[in-house]
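> The structure's right below; bear with me while I get my questions together.
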Amino acid sequence: MSTPINRSWQMSGFGLSRLSQVEGKVPGPGPHDLLVRTKAVSLNYKDKMIVDGVLIPDLAFPFVPTSDAVGVSSR
């Protein structure tokens with residue numbers, strides 16, 4: 001069985017040039033968390049404002065700008 005891979009678009013700073021696709025390990029859920037396999041994501045104007053540094057200027061990086069997503073519970 002292959003190891004699951006987590007793929008996401010992460011910001012390393014503000015601006016589209018600082019947005020890149022990264023791969024990593026699938027995180028394990030904590031005792032009060034739920035792991036969701038994401039099936040679709042929609043980016044909206046709020047996400048654009050975050051990428052541009054307008055909405056949350058003191059954002060900590062890396063950051064995944066996704067306001068809306070749909071998926072299924074992995075358990």
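Residue names in the structure tokens use chain letters A, B, ... in the order shown, residue numbers from 1 in each chain, and ligand numbers from 1 in the order shown.
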At a cut-off of 12 Å, using only C-alpha atoms, what residues contact stretch 60-64 of chain A? Leave out same-chain residues fewer than 5 positions from it and give the result as number ranges by chain.
A: 7-14, 18-22, 41, 43, 47-48, 50-51, 53, 69
> Please return as a list in words: the residues of chain A that backbone DSSP assigns to helix (DSSP H, G or I).
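Everything in chain A that counts as helix (DSSP H, G or I) is Leu16, Ser17, Arg18, Tyr45, Lys46, Asp47, Lys48, Met49, Ile50 and Val51 of chain A.
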> Can I get the selection written as a tab-separated table (two decimals), in the first residue's frame, with C-alpha atoms?

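Output below, filename result11.tsv:
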```
chain	number	residue	atom	x	y	z
A	16	LEU	CA	0.82	35.23	-6.35
A	17	SER	CA	4.55	34.70	-6.88
A	18	ARG	CA	4.77	33.36	-3.30
A	45	TYR	CA	-12.48	36.92	-3.50
A	46	LYS	CA	-11.71	36.56	0.21
A	47	ASP	CA	-8.86	34.18	-0.67
A	48	LYS	CA	-7.52	36.66	-3.24
A	49	MET	CA	-7.51	39.39	-0.58
A	50	ILE	CA	-5.58	37.06	1.76
A	51	VAL	CA	-3.00	36.25	-0.96
```
> Measuring between only C-alpha atoms, which one of A:Ile56, A:Val26, A:Ile5, A:Leu35 shows the shortest distance to A:Ser73?
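Among A:Ile56, A:Val26, A:Ile5, A:Leu35, it is A:Leu35 that comes nearest to A:Ser73.
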> Find, counting only C-alpha atoms, the residue in A:Thr3, A:Lys39, A:His32, A:Gly15 that gets nearest to A:Asp68.
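Counting only C-alpha atoms, the residue closest to A:Asp68 is A:Lys39.
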> At what distance in Å, to one decimal, does atom CA of A:Gly24 lie from atom CA of A:Ser74?
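Distance between the two atoms: 17.5 Å.
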> Give the answer as one residue: which of A:Asn44, A:Pro4, A:Thr38, A:Thr66 has the shortest atom-to-atom distance to A:Lys25, using only C-alpha atoms?
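Ranking A:Asn44, A:Pro4, A:Thr38, A:Thr66 by distance to A:Lys25, first place goes to A:Pro4.
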> As a ChimeraX atom specification, list the residues of chain A assigned to strand (DSSP E) by DSSP on the backbone atoms of this structure.
/A:5-11,19-25,36-42,68-73
> From the options A:Pro29, A:Leu59, A:Val54, A:Pro65, which residue's atoms come nearest to A:Ser42, counting only C-alpha atoms?
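Of A:Pro29, A:Leu59, A:Val54, A:Pro65, the one nearest A:Ser42 is A:Pro65, counting only C-alpha atoms.
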> Have a look at atom CA of A:Leu55 and atom CA of A:Arg37 and let me know their distance in Å, one decimal.
27.3 Å
